[in-house]
Amino acid sequence: MTTASPTSVDPAPVPLDDDPGGGVLSGRYRALTLGIVSVVLLLAFEATAVNTAMPVAARQLDGLGLYAFAFSGYFTTTLFALVVSGQWCDRRGPLQPLFTGIAVFGAGLVVAGAAPGMWLFVAGRAVQGLGGGLVIVALYVVVGRAYPERLRPSVFAAFSSAWVLPSIVGPVVSGAVTQHLGWRWVFLAVPVLILLPLAVMGPALARSEREHPVAKGADFDRRRTVLAAMAAVGAGLLQYAGQRLDPLGLLPAAAGAALLLPAVLGLLPTGTLRAGRGLPTVILLRGVAAGAFFAAEAFIPLMMVTQRGLSPTLAGLTLTSGGLSWALGSWLQGRPGAERYREAMIRGGFVLTAVAIAGAALVLVPAVPAWVAAVAWGVGGIGMGLTVASVSVLMMKLSAPEDAGANSASLQMSDALGNVLLVGLAGVLFAALGGGSLAAAHEGAGSTGSAGAFTVIFLTMAGVALLGALVSGRVRRA
């Protein structure tokens, strides 16, 4: 690898480790850890709640054909916000983009919850993506600036652990609210939770920013900002073209590709798309893992509702095992001595993810019990916990302090791009194979056509995960 280690170039302050025996909840770091984990808790609760409510929302808004767009639209605007947040953090510190992102995220929830139609609902999800993109990069920068290297794996493990409670409570609460009050309240009630992170993390983050000041007055890189806008618009055009499924869709598809490809080449580290050794492969693998896993996960609740006749609550609970086991996988990669096995953990995580996605497809066979999907997703969660946390640790290790924001943005951009492309591909496959119309017409009947659409989606994403396992060896230095 040719990138510098975090301490080889040091114009930015290095986090002080005045308690070398302490952990992330020791006196110096306790308030900050609780604050940033509470933000992840908010994002996790929203994600699990939305996954549970989405099948009902899409049907009631007559938008099953745009089902995947409601997920990928979030990540499309995230592409732009990630780059803006990375530059904002590097030039002004993470405090402003973090609080701005939380406010925008809440506004998007309100728009989606009040939407009278599916397109406005997708627009609300897009606003959420802007806020989420600002928030996630700022959190990574906080970790890189405020914690010593020895504690970063534990912080990322804490991020994953923050999904445990929402994974258990989110589907139950969201399912009950959806069935008794309506799906809109799942979106309109979540913004209230914003008050908790604001109250908990404000003083701790302000203190951290005073201790680790950044140079003021630097201008934003206009080129990167324009490229980020090109990436978002290009991805949006490709998704729109995929929903049309007619010859006229070739025009927005061509325009989208013409915008997206040069933008991605300009925004990601050189060699990312060809899996160059070191940091480029680390960045690439984040997108491959996230795209394959979440593209499959987006369709599991819809599959359980339409093919197995489960209630929204039970369909959402199918994903609970994944959230719990993700925390376990992330905890395992943070154990003492695990550092020497980073590459093996990443490869093994991809294999477990592929097995889980293929295992979830078995539920489409009527003789297979529905709970098999929950077991499979528990296996996938361990794989993702091992892979994603290990990739994050490697990214921080390979980043100089002054590049932490840009590389964190690249990592999250790869994540978002993987979601946009693979969730979008899943949506195209679903629509092309008649999944939208057949699932709506034969809800709970397990129709052959819609079952075939789900099968193709899951097997495709399992293949993508196996491809990630093959590439994972390139995280090593040449």
# chains A, B, ... in the order shown; residues from 1 in each chain; ligands from 1
$ residues_around --residues "range 329-338 of chain A" --least-positions-apart "6" --cutoff "8 Å" --atoms "only C-alpha atoms" --output "ChimeraX atom specification"
/A:153-154,156-158,160-161,345,381-386,388-390
$ residues_around --residues "Leu470 in chain A" --least-positions-apart "6" --cutoff "12 Å" --atoms "only C-alpha atoms" --output "list in words"
Ala275, Thr281, Leu285, Val288, Glu343, Ala344, Ile346, Arg347, Gly348, Gly349, Phe350, Val351, Ala354, Gly463 and Val464 of chain A
$ closest_residue --among "A:Ala374, A:Val423, A:Val142, A:Leu265" --to "Leu238 in chain A" --atoms "only C-alpha atoms"
A:Val423
$ atom_distance --atom1 "CA of Gly291 in chain A" --atom2 "CA of Gly101 in chain A"
22.7 Å
